[in-house]
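The structure file upload.csv is reproduced below (CSV, C-alpha atoms).
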```csv
chain,number,residue,atom,x,y,z
F,65,MET,CA,72.5,90.6,95.1
F,66,ARG,CA,75.8,91.0,93.2
F,67,LEU,CA,76.7,87.3,93.8
F,68,HIS,CA,73.3,86.3,92.5
F,69,LEU,CA,73.8,88.3,89.3
F,70,VAL,CA,77.2,86.8,88.8
F,71,THR,CA,75.8,83.3,89.2
F,72,ARG,CA,72.9,84.0,86.9
F,73,ASN,CA,75.1,85.4,84.1
F,74,ARG,CA,77.5,82.4,84.3
F,75,TRP,CA,74.6,80.0,83.7
F,76,LEU,CA,73.3,82.1,80.8
F,77,ALA,CA,76.8,82.1,79.3
F,78,VAL,CA,76.9,78.3,79.6
F,79,GLY,CA,73.6,78.0,77.9
F,80,LEU,CA,74.7,80.2,75.0
F,81,VAL,CA,77.9,78.1,74.5
F,82,ALA,CA,75.6,75.1,74.2
F,83,LEU,CA,73.6,76.9,71.6
F,84,CYS,CA,76.8,77.7,69.6
F,85,ALA,CA,77.9,74.1,69.9
F,86,ALA,CA,74.6,73.1,68.4
F,87,GLY,CA,75.3,75.2,65.3
F,88,LEU,CA,72.5,77.7,65.8
F,89,GLY,CA,74.6,80.5,64.3
F,90,ALA,CA,77.8,82.4,64.4
F,91,GLY,CA,78.8,85.2,66.7
F,92,CYS,CA,77.7,83.3,69.9
F,93,GLY,CA,79.2,84.9,72.9
F,94,GLY,CA,80.5,84.0,76.3
F,95,SER,CA,84.1,84.3,75.5
F,96,GLY,CA,84.3,87.9,74.4
F,97,THR,CA,85.0,87.0,70.8
F,98,ASP,CA,83.0,86.6,67.6
F,99,THR,CA,83.8,83.2,66.2
F,100,SER,CA,83.0,83.9,62.6
F,101,GLY,CA,80.9,87.0,62.1
F,102,THR,CA,79.1,85.6,59.2
F,103,GLY,CA,75.7,85.6,60.8
F,104,GLY,CA,75.2,81.9,60.1
F,105,SER,CA,74.8,82.0,56.4
F,106,THR,CA,75.2,84.2,53.3
F,107,SER,CA,71.4,84.6,53.0
F,108,GLY,CA,68.3,83.7,54.8
F,109,SER,CA,67.7,84.4,58.5
F,110,GLY,CA,71.3,84.8,59.4
F,111,GLY,CA,71.0,82.4,62.3
F,112,GLN,CA,70.2,83.0,66.0
F,113,GLY,CA,73.6,82.7,67.4
F,114,ALA,CA,74.4,86.4,67.3
F,115,ARG,CA,73.1,87.2,70.7
F,116,GLY,CA,76.5,88.5,71.6
F,117,GLY,CA,76.6,86.4,74.7
F,118,SER,CA,74.6,87.0,77.8
F,119,GLY,CA,77.6,88.6,79.3
F,120,PRO,CA,80.2,87.4,81.8
F,121,GLY,CA,78.8,88.1,85.3
F,122,THR,CA,82.0,89.4,86.6
F,123,GLY,CA,82.4,92.1,84.0
F,124,GLY,CA,84.8,92.6,81.2
F,125,THR,CA,83.8,93.1,77.6
F,126,ALA,CA,80.7,91.2,76.5
F,127,ALA,CA,80.9,88.3,74.2
F,128,GLY,CA,81.3,88.9,70.5
F,129,SER,CA,80.0,91.5,68.2
F,130,GLY,CA,76.8,89.6,67.6
F,131,GLY,CA,77.9,88.3,64.3
F,132,SER,CA,77.6,90.2,61.0
F,133,ALA,CA,74.3,89.9,59.1
F,134,PRO,CA,74.0,88.0,55.8
F,135,ALA,CA,75.6,89.8,52.8
F,136,THR,CA,72.4,90.0,50.8
F,137,GLY,CA,68.8,89.8,51.9
F,138,GLY,CA,67.4,87.8,54.8
F,139,THR,CA,66.4,89.2,58.2
F,140,GLY,CA,69.9,90.2,59.2
F,141,GLY,CA,70.1,87.8,62.1
F,142,SER,CA,67.1,89.2,64.0
F,143,VAL,CA,68.0,87.7,67.3
F,144,SER,CA,71.4,89.4,67.2
F,145,GLY,CA,70.0,92.6,68.4
F,146,SER,CA,69.5,91.3,71.9
F,147,GLY,CA,73.2,91.1,72.5
F,148,GLY,CA,73.1,94.3,74.4
F,149,ARG,CA,72.1,92.5,77.6
F,150,ALA,CA,75.7,91.3,77.9
F,151,GLY,CA,76.7,94.0,80.2
F,152,ALA,CA,73.9,93.6,82.7
F,153,GLY,CA,76.1,91.9,85.2
F,154,THR,CA,78.8,93.8,87.0
F,155,GLY,CA,80.4,95.8,84.3
F,156,GLY,CA,82.1,95.7,80.9
F,157,SER,CA,80.8,96.8,77.6
F,158,THR,CA,78.2,95.0,75.6
F,159,ALA,CA,78.2,93.5,72.2
F,160,THR,CA,77.4,95.7,69.2
F,161,GLY,CA,74.3,93.6,68.3
F,162,GLY,CA,75.1,92.6,64.8
F,163,ALA,CA,75.9,94.6,61.7
F,164,GLY,CA,72.6,94.2,59.9
F,165,ALA,CA,72.0,93.2,56.3
F,166,ALA,CA,74.0,95.1,53.7
F,167,THR,CA,71.1,95.2,51.3
F,168,GLY,CA,67.7,94.7,52.8
F,169,GLY,CA,66.5,92.7,55.8
F,170,THR,CA,65.6,94.0,59.2
F,171,ALA,CA,69.1,95.1,60.1
F,172,GLY,CA,70.1,93.2,63.1
F,173,GLY,CA,66.8,92.8,65.0
F,174,ALA,CA,64.2,94.9,66.6
F,175,THR,CA,65.9,95.2,70.0
F,176,GLY,CA,69.2,96.5,68.7
F,177,GLY,CA,72.3,96.0,70.7
F,178,GLY,CA,71.4,98.0,73.7
F,179,ALA,CA,69.5,96.5,76.5
F,180,GLY,CA,72.6,96.8,78.7
F,181,HIS,CA,71.8,98.4,82.0
F,182,PRO,CA,73.5,101.3,83.7
F,183,SER,CA,74.8,98.8,86.3
F,184,GLY,CA,77.0,97.2,83.7
F,185,GLY,CA,78.0,97.5,80.1
F,186,HIS,CA,77.5,100.1,77.4
F,187,GLY,CA,74.5,98.8,75.4
F,188,GLY,CA,76.1,98.4,72.0
F,189,ALA,CA,75.6,100.1,68.7
F,190,GLY,CA,72.3,98.4,67.8
F,191,GLY,CA,73.3,97.2,64.4
F,192,ALA,CA,73.6,99.4,61.3
F,193,SER,CA,72.3,99.0,57.8
F,194,THR,CA,73.2,100.9,54.7
F,195,THR,CA,69.8,100.1,53.1
F,196,GLY,CA,66.7,98.3,54.2
F,197,ALA,CA,64.9,98.7,57.5
F,198,GLY,CA,67.9,99.8,59.5
F,199,GLY,CA,66.0,101.7,62.1
F,200,ALA,CA,64.6,98.5,63.6
F,201,ALA,CA,68.0,97.7,64.9
F,202,GLY,CA,68.5,101.1,66.4
F,203,ALA,CA,65.2,101.3,68.1
F,204,GLY,CA,66.5,99.5,71.1
F,205,GLY,CA,70.1,100.4,70.7
F,206,GLY,CA,72.1,102.1,73.4
F,207,GLY,CA,70.0,101.1,76.4
F,208,GLY,CA,73.1,100.6,78.4
F,209,ARG,CA,74.4,103.8,80.2
F,210,ILE,CA,71.3,105.6,79.0
F,211,ALA,CA,73.2,108.3,77.1
F,212,THR,CA,73.3,107.2,73.4
F,213,GLY,CA,71.7,104.7,71.1
F,214,GLY,CA,72.7,102.9,68.0
F,215,GLY,CA,70.8,102.8,64.8
F,216,GLY,CA,70.7,102.1,61.1
F,217,THR,CA,71.6,104.8,58.7
F,218,ASN,CA,68.1,104.6,57.1
F,219,GLY,CA,66.1,104.0,60.2
F,220,THR,CA,64.7,105.9,63.2
F,221,GLY,CA,67.9,105.4,65.2
F,222,GLY,CA,68.3,104.5,68.8
F,223,ALA,CA,67.0,106.1,72.0
F,224,SER,CA,69.6,108.8,71.9
F,225,GLY,CA,69.4,112.4,73.3
F,226,PRO,CA,70.3,114.1,76.5
F,227,VAL,CA,70.1,112.2,79.8
F,228,ARG,CA,67.0,113.3,81.7
F,229,ILE,CA,68.1,114.1,85.3
F,230,MET,CA,65.7,115.0,88.0
F,231,ALA,CA,66.8,116.5,91.4
F,232,ILE,CA,64.2,115.6,94.1
F,233,GLY,CA,64.1,116.8,97.7
F,234,ASP,CA,63.5,119.7,100.0
F,235,SER,CA,65.1,123.1,100.3
F,236,VAL,CA,68.6,121.6,100.3
F,237,THR,CA,67.7,120.8,96.7
F,238,ARG,CA,65.5,123.7,95.8
F,239,ALA,CA,67.1,126.7,97.6
F,240,THR,CA,70.9,126.1,97.3
F,241,CYS,CA,73.5,126.3,94.5
F,242,TRP,CA,74.5,122.6,94.1
F,243,ARG,CA,72.2,122.1,91.1
F,244,ASP,CA,73.8,125.1,89.4
F,245,PHE,CA,77.3,124.0,90.0
F,246,LEU,CA,76.5,120.4,88.9
F,247,TRP,CA,75.0,121.8,85.7
F,248,GLN,CA,78.2,123.8,85.2
F,249,GLN,CA,80.4,120.8,85.6
F,250,LEU,CA,78.3,118.6,83.3
F,251,GLN,CA,78.3,121.2,80.6
F,252,GLN,CA,82.0,121.6,80.7
F,253,SER,CA,82.5,117.9,80.1
F,254,TYR,CA,79.3,116.7,78.5
F,255,ALA,CA,77.8,119.8,76.8
F,256,GLY,CA,74.4,119.0,75.3
F,257,LYS,CA,74.2,115.5,76.8
F,258,VAL,CA,72.2,116.3,79.9
F,259,ASP,CA,68.8,117.8,80.6
F,260,PHE,CA,67.6,118.7,84.1
F,261,VAL,CA,63.9,117.9,84.2
F,262,GLY,CA,61.0,118.5,86.6
F,263,THR,CA,57.7,120.3,86.7
F,264,LEU,CA,59.1,123.0,89.0
F,265,GLN,CA,61.7,125.7,88.3
F,266,ALA,CA,64.0,127.4,90.9
F,267,ASP,CA,67.3,129.3,90.6
F,268,TYR,CA,68.8,130.5,93.8
F,269,GLY,CA,70.8,133.1,91.9
F,270,CYS,CA,74.1,131.4,91.8
F,271,ASN,CA,75.2,133.1,88.5
F,272,VAL,CA,75.7,130.0,86.4
F,273,SER,CA,75.2,131.0,82.8
F,274,GLY,CA,72.6,128.9,80.9
F,275,PHE,CA,71.6,127.0,84.1
F,276,ASP,CA,68.6,124.6,83.6
F,277,PRO,CA,66.4,125.3,86.7
F,278,ASP,CA,64.0,122.4,86.3
F,279,ASN,CA,63.7,120.3,89.5
F,280,GLN,CA,61.4,118.6,91.9
F,281,GLY,CA,62.4,120.2,95.2
F,282,TYR,CA,59.9,121.4,97.8
F,283,SER,CA,61.3,123.6,100.5
F,284,SER,CA,60.3,122.7,104.1
F,285,SER,CA,58.7,119.4,102.9
F,286,LEU,CA,58.9,116.1,104.8
F,287,ILE,CA,59.0,113.0,102.6
F,288,THR,CA,57.2,111.1,105.3
F,289,GLU,CA,54.3,113.6,105.1
F,290,VAL,CA,54.3,113.5,101.3
F,291,VAL,CA,53.6,109.7,101.2
F,292,ALA,CA,51.1,110.1,104.1
F,293,GLY,CA,49.2,112.8,102.2
F,294,VAL,CA,49.8,115.4,104.8
F,295,THR,CA,49.9,118.8,103.0
F,296,ASN,CA,48.7,121.3,105.6
F,297,ALA,CA,51.1,120.7,108.6
F,298,ARG,CA,53.5,123.5,107.4
F,299,THR,CA,54.2,126.0,104.7
F,300,CYS,CA,56.3,124.7,101.8
F,301,ASP,CA,57.7,126.3,98.7
F,302,PRO,CA,56.0,126.2,96.2
F,303,TYR,CA,53.6,123.9,98.1
F,304,CYS,CA,53.6,120.8,100.2
F,305,PRO,CA,53.0,117.9,97.7
F,306,ASN,CA,51.2,114.6,98.0
F,307,MET,CA,52.0,111.4,96.1
F,308,THR,CA,49.5,112.4,93.3
F,309,ASN,CA,51.5,115.5,92.7
F,310,LEU,CA,54.7,113.5,92.5
F,311,GLN,CA,53.2,110.8,90.2
F,312,THR,CA,52.0,113.5,87.8
F,313,ALA,CA,55.5,115.1,87.8
F,314,PHE,CA,57.2,111.8,87.2
F,315,ALA,CA,54.9,110.9,84.4
F,316,THR,CA,55.4,114.3,82.8
F,317,ALA,CA,59.1,114.6,83.1
F,318,LYS,CA,60.0,110.9,82.8
F,319,PRO,CA,63.4,111.1,84.5
F,320,GLN,CA,66.1,108.5,83.6
F,321,VAL,CA,68.3,109.4,86.5
F,322,VAL,CA,67.1,110.8,89.9
F,323,LEU,CA,69.3,112.7,92.4
F,324,MET,CA,67.4,112.4,95.7
F,325,HIS,CA,68.5,114.2,98.9
F,326,TRP,CA,65.4,114.2,101.1
F,327,GLY,CA,64.9,113.6,104.8
F,328,THR,CA,66.5,116.6,106.5
F,329,ASN,CA,63.2,118.0,107.7
F,330,ASP,CA,62.1,114.5,108.7
F,331,VAL,CA,65.1,114.1,111.0
F,332,TRP,CA,64.6,117.6,112.3
F,333,ASN,CA,61.0,116.7,113.2
F,334,GLY,CA,61.9,113.5,114.9
F,335,LYS,CA,60.8,111.0,112.2
F,336,SER,CA,62.4,107.5,112.5
F,337,SER,CA,64.9,106.2,110.1
F,338,SER,CA,62.5,103.3,109.2
F,339,SER,CA,59.7,105.7,108.4
F,340,ILE,CA,62.0,107.8,106.2
F,341,THR,CA,63.3,104.8,104.2
F,342,SER,CA,59.7,103.5,103.9
F,343,ALA,CA,58.8,106.8,102.3
F,344,TYR,CA,61.8,106.5,100.0
F,345,SER,CA,60.5,103.2,98.9
F,346,THR,CA,57.1,104.6,98.0
F,347,VAL,CA,58.6,107.4,96.0
F,348,ILE,CA,60.9,105.1,94.1
F,349,ASP,CA,58.0,102.8,93.3
F,350,ALA,CA,56.3,105.9,91.8
F,351,LEU,CA,59.4,106.7,89.8
F,352,ARG,CA,59.5,103.1,88.5
F,353,THR,CA,55.9,103.3,87.4
F,354,ALA,CA,56.8,106.3,85.2
F,355,ASN,CA,60.1,104.7,84.0
F,356,PRO,CA,60.8,101.1,85.0
F,357,SER,CA,64.5,101.6,84.2
F,358,VAL,CA,65.0,104.7,86.3
F,359,VAL,CA,68.4,105.0,88.1
F,360,VAL,CA,68.1,106.5,91.6
F,361,LEU,CA,71.2,108.1,93.2
F,362,LEU,CA,70.1,108.3,96.8
F,363,ALA,CA,72.1,110.6,99.1
F,364,GLN,CA,73.2,110.0,102.6
F,365,ILE,CA,72.1,113.4,103.8
F,366,ILE,CA,74.5,116.2,104.9
F,367,PRO,CA,75.0,116.9,108.6
F,368,MET,CA,73.2,119.7,110.4
F,369,ASN,CA,74.2,122.1,113.1
F,370,VAL,CA,70.9,123.7,114.2
F,371,THR,CA,71.2,126.0,117.1
F,372,GLY,CA,69.5,129.2,118.4
F,373,ALA,CA,72.4,131.1,116.8
F,374,THR,CA,71.8,129.7,113.3
F,375,CYS,CA,68.1,129.6,113.4
F,376,SER,CA,66.1,131.8,115.8
F,377,GLY,CA,64.2,129.6,118.3
F,378,CYS,CA,65.5,126.4,116.6
F,379,SER,CA,67.2,123.3,118.0
F,380,CYS,CA,67.8,119.7,117.0
F,381,ALA,CA,69.6,118.0,119.8
F,382,SER,CA,69.1,114.6,118.3
F,383,CYS,CA,70.4,115.5,114.8
F,384,SER,CA,74.0,114.6,115.5
F,385,THR,CA,73.0,111.0,116.1
F,386,ALA,CA,69.8,110.7,114.0
F,387,ILE,CA,71.5,111.7,110.7
F,388,PRO,CA,74.2,109.1,111.0
F,389,ALA,CA,71.6,106.5,111.9
F,390,LEU,CA,69.5,107.4,108.9
F,391,ASN,CA,72.6,107.3,106.6
F,392,ALA,CA,73.4,103.9,107.9
F,393,ALA,CA,69.8,102.7,107.2
F,394,ILE,CA,70.0,104.2,103.7
F,395,VAL,CA,72.8,101.7,102.8
F,396,THR,CA,70.8,98.7,104.0
F,397,PHE,CA,67.6,100.1,102.3
F,398,ALA,CA,69.3,100.7,98.9
F,399,ALA,CA,70.8,97.2,98.9
F,400,GLY,CA,67.3,95.7,99.3
F,401,LYS,CA,65.5,98.1,97.0
F,402,THR,CA,68.0,98.0,94.0
F,403,THR,CA,67.1,95.8,91.0
F,404,ALA,CA,69.1,94.9,87.9
F,405,GLN,CA,66.7,97.1,85.8
F,406,SER,CA,66.4,100.0,88.3
F,407,PRO,CA,69.4,100.3,90.6
F,408,VAL,CA,69.4,102.4,93.7
F,409,ILE,CA,73.0,103.8,94.2
F,410,VAL,CA,74.0,105.4,97.5
F,411,VAL,CA,75.9,108.7,97.2
F,412,ASP,CA,77.8,109.7,100.4
F,413,GLN,CA,77.0,113.4,100.8
F,414,TYR,CA,77.8,113.3,104.5
F,415,THR,CA,81.5,112.5,104.7
F,416,GLY,CA,83.7,115.5,104.4
F,417,PHE,CA,80.8,118.0,104.8
F,418,ASP,CA,81.2,120.5,107.7
F,419,ALA,CA,77.8,121.6,109.0
F,420,THR,CA,79.4,124.8,110.4
F,421,SER,CA,81.8,126.0,107.6
F,422,ASP,CA,79.8,124.5,104.6
F,423,THR,CA,76.4,125.9,105.5
F,424,ARG,CA,75.0,129.4,105.7
F,425,ASP,CA,72.7,128.6,108.6
F,426,GLY,CA,73.6,125.2,110.0
F,427,VAL,CA,71.3,123.5,107.4
F,428,HIS,CA,71.6,124.9,103.9
F,429,PRO,CA,74.9,124.6,102.0
F,430,ASN,CA,76.7,127.8,101.2
F,431,THR,CA,78.8,128.2,98.1
F,432,ALA,CA,81.6,125.9,99.5
F,433,GLY,CA,79.0,123.3,100.6
F,434,SER,CA,77.2,123.4,97.3
F,435,GLN,CA,80.4,122.9,95.4
F,436,LYS,CA,81.1,119.8,97.6
F,437,MET,CA,77.6,118.4,96.9
F,438,ALA,CA,77.9,119.1,93.2
F,439,SER,CA,81.2,117.3,93.0
F,440,LYS,CA,79.8,114.2,94.8
F,441,TRP,CA,76.8,114.0,92.4
F,442,TYR,CA,79.1,114.5,89.4
F,443,ALA,CA,81.4,111.7,90.6
F,444,ALA,CA,78.5,109.4,91.0
F,445,LEU,CA,77.1,110.2,87.6
F,446,THR,CA,80.4,109.7,85.8
F,447,ALA,CA,81.6,106.7,87.8
F,448,ASN,CA,78.5,104.8,87.0
F,449,GLN,CA,78.6,106.0,83.4
F,450,LEU,CA,75.2,107.6,83.6
F,451,VAL,CA,76.5,110.4,81.4
F,452,ARG,CA,79.2,109.9,78.8
```

Spit out the file's structure as structure tokens when you get a sec.
Amino acid sequence: MRLHLVTRNRWLAVGLVALCAAGLGAGCGGSGTDTSGTGGSTSGSGGQGARGGSGPGTGGTAAGSGGSAPATGGTGGSVSGSGGRAGAGTGGSTATGGAGAATGGTAGGATGGGAGHPSGGHGGAGGASTTGAGGAAGAGGGGGRIATGGGGTNGTGGASGPVRIMAIGDSVTRATCWRDFLWQQLQQSYAGKVDFVGTLQADYGCNVSGFDPDNQGYSSSLITEVVAGVTNARTCDPYCPNMTNLQTAFATAKPQVVLMHWGTNDVWNGKSSSSITSAYSTVIDALRTANPSVVVLLAQIIPMNVTGATCSGCSCASCSTAIPALNAAIVTFAAGKTTAQSPVIVVDQYTGFDATSDTRDGVHPNTAGSQKMASKWYAALTANQLVR
């Protein structure tokens, strides 16, 4: 998939160079520079060349700043706003989308600078305007990395605000402290920039001040039973959901980033790796229906040490091999399920986690285990610039 994206972006870059050579406007990209920044003329439409380049597929900074808009009047180089796609390849920051008209015009285009996806590039500033429409440029600004949007000084601005993060899973999500500790870490570095979302609330009592308890965790649930519509095979907390319940929750909360650790009970109940990853696919499809650009951080699940000593009458002789098998299948599944618009990113929660010393009962993380999980989630969020 990565090689395909690189090839596609190289062809797009070649096409834009051809457009620049044809004189369709200044600020054409591909090389990472803005060749004139005049927007193509001192008045009128400002030219189409300010796309900022479709972005080098191998990363690096995106081409150009999108070209500045005409000095007076005109549409401010309306196509310049689409420059934000420059970062959709394998990294790098996107163009700023064009500065917008100084007096009047549509201020750099309706799409702003920010269609750049979390899998690459920052999304750009969207194009500012001191007067005139302004906000049209910002309306699409900042799509890359989700967190912030650009915008004109007189407009509605970009799609800014806290990143909406949803934790999904079973009791490892609902009834442990890793959400609390992750919230604490995020607030220390990105105060006010994240919002935990979900239609359920649960706080295990981990004494984190100001903790946001919103989540989508269902203790004792099996993801395979959720997608099969089985809701009466066991007792879940607060209830055993079906797909309609999840679809409603996703449509209500509209998460931008999902942290999914789900499958522990499925392995414990002998469900196959293929049935679990098939269930992941169904849930991810529902998430994409609610938000086509959702980013899914999918965990390789933590190990278990289920014995009669840790859980009265319990055993899971196959867990020691079934969990590594599932985690290997998750890597293959994620590679096939990821898209440029909605990536599925594997987070290794298994490595370095001790099912004996890091759990309180062989299954659920204790304080030390919760800290380890929180740190892994935090590293994934920041390394992929999903919060910034």

Worksheet entry | Straight-line distance linking atom CA of Arg228 of chain F with atom CA of Thr299 of chain F, stated in Å to one decimal |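 Spanning atom CA of Arg228 of chain F to atom CA of Thr299 of chain F is a straight-line distance of 29.2 Å.
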
Worksheet item: Any idea what the distance is between atom CA of Cys241 of chain F and atom CA of Ser253 of chain F?
Response: 18.9 Å

Which residues are near Gln265 of chain F? Cut-off 6 Å, all atoms listed in the file, ignore same chain within fewer than 5 positions. Put them as a PDB file with C-alpha atoms, in the frame of the given file.
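result-v1.pdb was written with the following content:
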```
ATOM      1  CA  PRO F 277      66.400 125.300  86.700  1.00  0.00           C
ATOM      2  CA  ASP F 278      64.000 122.400  86.300  1.00  0.00           C
ATOM      3  CA  ASN F 279      63.700 120.300  89.500  1.00  0.00           C
TER       4      ASN F 279
END
```

Worksheet entry | 10 Å contact set for Thr308 of chain F, all atoms listed in the file, chain neighbours under 3 positions out, as a list in words |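 The residues that qualify are Val290, Val291, Gly293, Pro305, Gln311, Thr312, Ala313, Phe314 and Ala350 of chain F.
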
Practice prompt. Counting all atoms listed in the file, figure out which residue out of F:Pro319, F:Ala392, F:His428, F:Asn333 gets nearest to Cys380 of chain F.
Written response: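 Selected residue with least distance to Cys380 of chain F: F:Asn333.
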
Practice prompt. Considering all atoms listed in the file, state which residue in the set F:Pro367, F:Gly372, F:Pro388, F:Gly256 is at the smallest distance from Gly433 of chain F.
Written response: F:Pro367

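Using only C-alpha atoms for every distance, the candidate list F:Thr420, F:Lys335, F:Ala438, F:Val358 yields F:Lys335 as the residue closest to Ala389 of chain F.
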
Can you pull out every residue within 10 Å of Met437 of chain F, counting all atoms listed in the file, but drop anything in the same chain fewer than 6 positions away, and send it as an mmCIF file with C-alpha atoms, in the coordinates of the input?
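Writing done, so here's around-v7.cif:
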```cif
data_model
loop_
_atom_site.group_PDB
_atom_site.id
_atom_site.type_symbol
_atom_site.label_atom_id
_atom_site.label_comp_id
_atom_site.auth_asym_id
_atom_site.auth_seq_id
_atom_site.Cartn_x
_atom_site.Cartn_y
_atom_site.Cartn_z
ATOM 1 C CA CYS F 241 73.500 126.300 94.500
ATOM 2 C CA TRP F 242 74.500 122.600 94.100
ATOM 3 C CA ARG F 243 72.200 122.100 91.100
ATOM 4 C CA PHE F 245 77.300 124.000 90.000
ATOM 5 C CA LEU F 246 76.500 120.400 88.900
ATOM 6 C CA ALA F 363 72.100 110.600 99.100
ATOM 7 C CA ILE F 366 74.500 116.200 104.900
ATOM 8 C CA VAL F 411 75.900 108.700 97.200
ATOM 9 C CA ASP F 412 77.800 109.700 100.400
ATOM 10 C CA GLN F 413 77.000 113.400 100.800
ATOM 11 C CA TYR F 414 77.800 113.300 104.500
ATOM 12 C CA PHE F 417 80.800 118.000 104.800
ATOM 13 C CA PRO F 429 74.900 124.600 102.000
ATOM 14 C CA THR F 431 78.800 128.200 98.100
ATOM 15 C CA ALA F 443 81.400 111.700 90.600
#
```

Fill in: Option closest in space to Gln449 of chain F, from F:Cys383, F:Ala419, F:Val321, F:Val347 [counting all atoms listed in the file]
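Going through F:Cys383, F:Ala419, F:Val321, F:Val347 one by one, the smallest distance to Gln449 of chain F is for F:Val321.
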
With N, CA and C atoms as the goal, would you fill in the gaps in segment 356-375 of chain F and present it as a PDB file, keeping the file's coordinate frame?
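Everything below was put into result_32.pdb:
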```
ATOM      1  N   PRO F 356      60.361 102.310  84.290  1.00  0.00           N
ATOM      2  CA  PRO F 356      60.800 101.100  85.000  1.00  0.00           C
ATOM      3  C   PRO F 356      62.347 100.972  85.048  1.00  0.00           C
ATOM      4  N   SER F 357      63.069 101.716  84.217  1.00  0.00           N
ATOM      5  CA  SER F 357      64.500 101.600  84.200  1.00  0.00           C
ATOM      6  C   SER F 357      65.203 102.829  84.864  1.00  0.00           C
ATOM      7  N   VAL F 358      64.463 103.573  85.658  1.00  0.00           N
ATOM      8  CA  VAL F 358      65.000 104.700  86.300  1.00  0.00           C
ATOM      9  C   VAL F 358      66.191 104.348  87.224  1.00  0.00           C
ATOM     10  N   VAL F 359      67.231 105.158  87.234  1.00  0.00           N
ATOM     11  CA  VAL F 359      68.400 105.000  88.100  1.00  0.00           C
ATOM     12  C   VAL F 359      68.272 106.013  89.234  1.00  0.00           C
ATOM     13  N   VAL F 360      68.268 105.567  90.478  1.00  0.00           N
ATOM     14  CA  VAL F 360      68.100 106.500  91.600  1.00  0.00           C
ATOM     15  C   VAL F 360      69.448 106.613  92.335  1.00  0.00           C
ATOM     16  N   LEU F 361      69.997 107.827  92.346  1.00  0.00           N
ATOM     17  CA  LEU F 361      71.200 108.100  93.200  1.00  0.00           C
ATOM     18  C   LEU F 361      70.626 108.703  94.476  1.00  0.00           C
ATOM     19  N   LEU F 362      70.718 107.922  95.527  1.00  0.00           N
ATOM     20  CA  LEU F 362      70.100 108.300  96.800  1.00  0.00           C
ATOM     21  C   LEU F 362      71.201 108.764  97.774  1.00  0.00           C
ATOM     22  N   ALA F 363      71.065 109.991  98.227  1.00  0.00           N
ATOM     23  CA  ALA F 363      72.100 110.600  99.100  1.00  0.00           C
ATOM     24  C   ALA F 363      71.968 110.191 100.523  1.00  0.00           C
ATOM     25  N   GLN F 364      73.109 109.912 101.135  1.00  0.00           N
ATOM     26  CA  GLN F 364      73.200 110.000 102.600  1.00  0.00           C
ATOM     27  C   GLN F 364      73.295 111.461 102.910  1.00  0.00           C
ATOM     28  N   ILE F 365      72.328 111.955 103.666  1.00  0.00           N
ATOM     29  CA  ILE F 365      72.100 113.400 103.800  1.00  0.00           C
ATOM     30  C   ILE F 365      73.256 114.091 104.527  1.00  0.00           C
ATOM     31  N   ILE F 366      73.419 115.366 104.224  1.00  0.00           N
ATOM     32  CA  ILE F 366      74.500 116.200 104.900  1.00  0.00           C
ATOM     33  C   ILE F 366      74.158 116.397 106.338  1.00  0.00           C
ATOM     34  N   PRO F 367      75.179 116.656 107.144  1.00  0.00           N
ATOM     35  CA  PRO F 367      75.000 116.900 108.600  1.00  0.00           C
ATOM     36  C   PRO F 367      74.312 118.284 108.786  1.00  0.00           C
ATOM     37  N   MET F 368      73.740 118.464 109.975  1.00  0.00           N
ATOM     38  CA  MET F 368      73.200 119.700 110.400  1.00  0.00           C
ATOM     39  C   MET F 368      73.775 120.220 111.674  1.00  0.00           C
ATOM     40  N   ASN F 369      73.756 121.531 111.855  1.00  0.00           N
ATOM     41  CA  ASN F 369      74.200 122.100 113.100  1.00  0.00           C
ATOM     42  C   ASN F 369      73.211 123.215 113.496  1.00  0.00           C
ATOM     43  N   VAL F 370      72.042 122.767 113.929  1.00  0.00           N
ATOM     44  CA  VAL F 370      70.900 123.700 114.200  1.00  0.00           C
ATOM     45  C   VAL F 370      71.010 124.146 115.655  1.00  0.00           C
ATOM     46  N   THR F 371      71.165 125.447 115.811  1.00  0.00           N
ATOM     47  CA  THR F 371      71.200 126.000 117.100  1.00  0.00           C
ATOM     48  C   THR F 371      70.383 127.333 117.124  1.00  0.00           C
ATOM     49  N   GLY F 372      70.192 127.909 118.295  1.00  0.00           N
ATOM     50  CA  GLY F 372      69.500 129.200 118.400  1.00  0.00           C
ATOM     51  C   GLY F 372      70.244 130.284 117.651  1.00  0.00           C
ATOM     52  N   ALA F 373      71.555 130.121 117.514  1.00  0.00           N
ATOM     53  CA  ALA F 373      72.400 131.100 116.800  1.00  0.00           C
ATOM     54  C   ALA F 373      72.204 131.040 115.307  1.00  0.00           C
ATOM     55  N   THR F 374      71.987 129.827 114.791  1.00  0.00           N
ATOM     56  CA  THR F 374      71.800 129.700 113.300  1.00  0.00           C
ATOM     57  C   THR F 374      70.408 129.800 112.883  1.00  0.00           C
ATOM     58  N   CYS F 375      69.479 129.549 113.788  1.00  0.00           N
ATOM     59  CA  CYS F 375      68.100 129.600 113.400  1.00  0.00           C
ATOM     60  C   CYS F 375      67.308 130.029 114.688  1.00  0.00           C
TER      61      CYS F 375
END
```
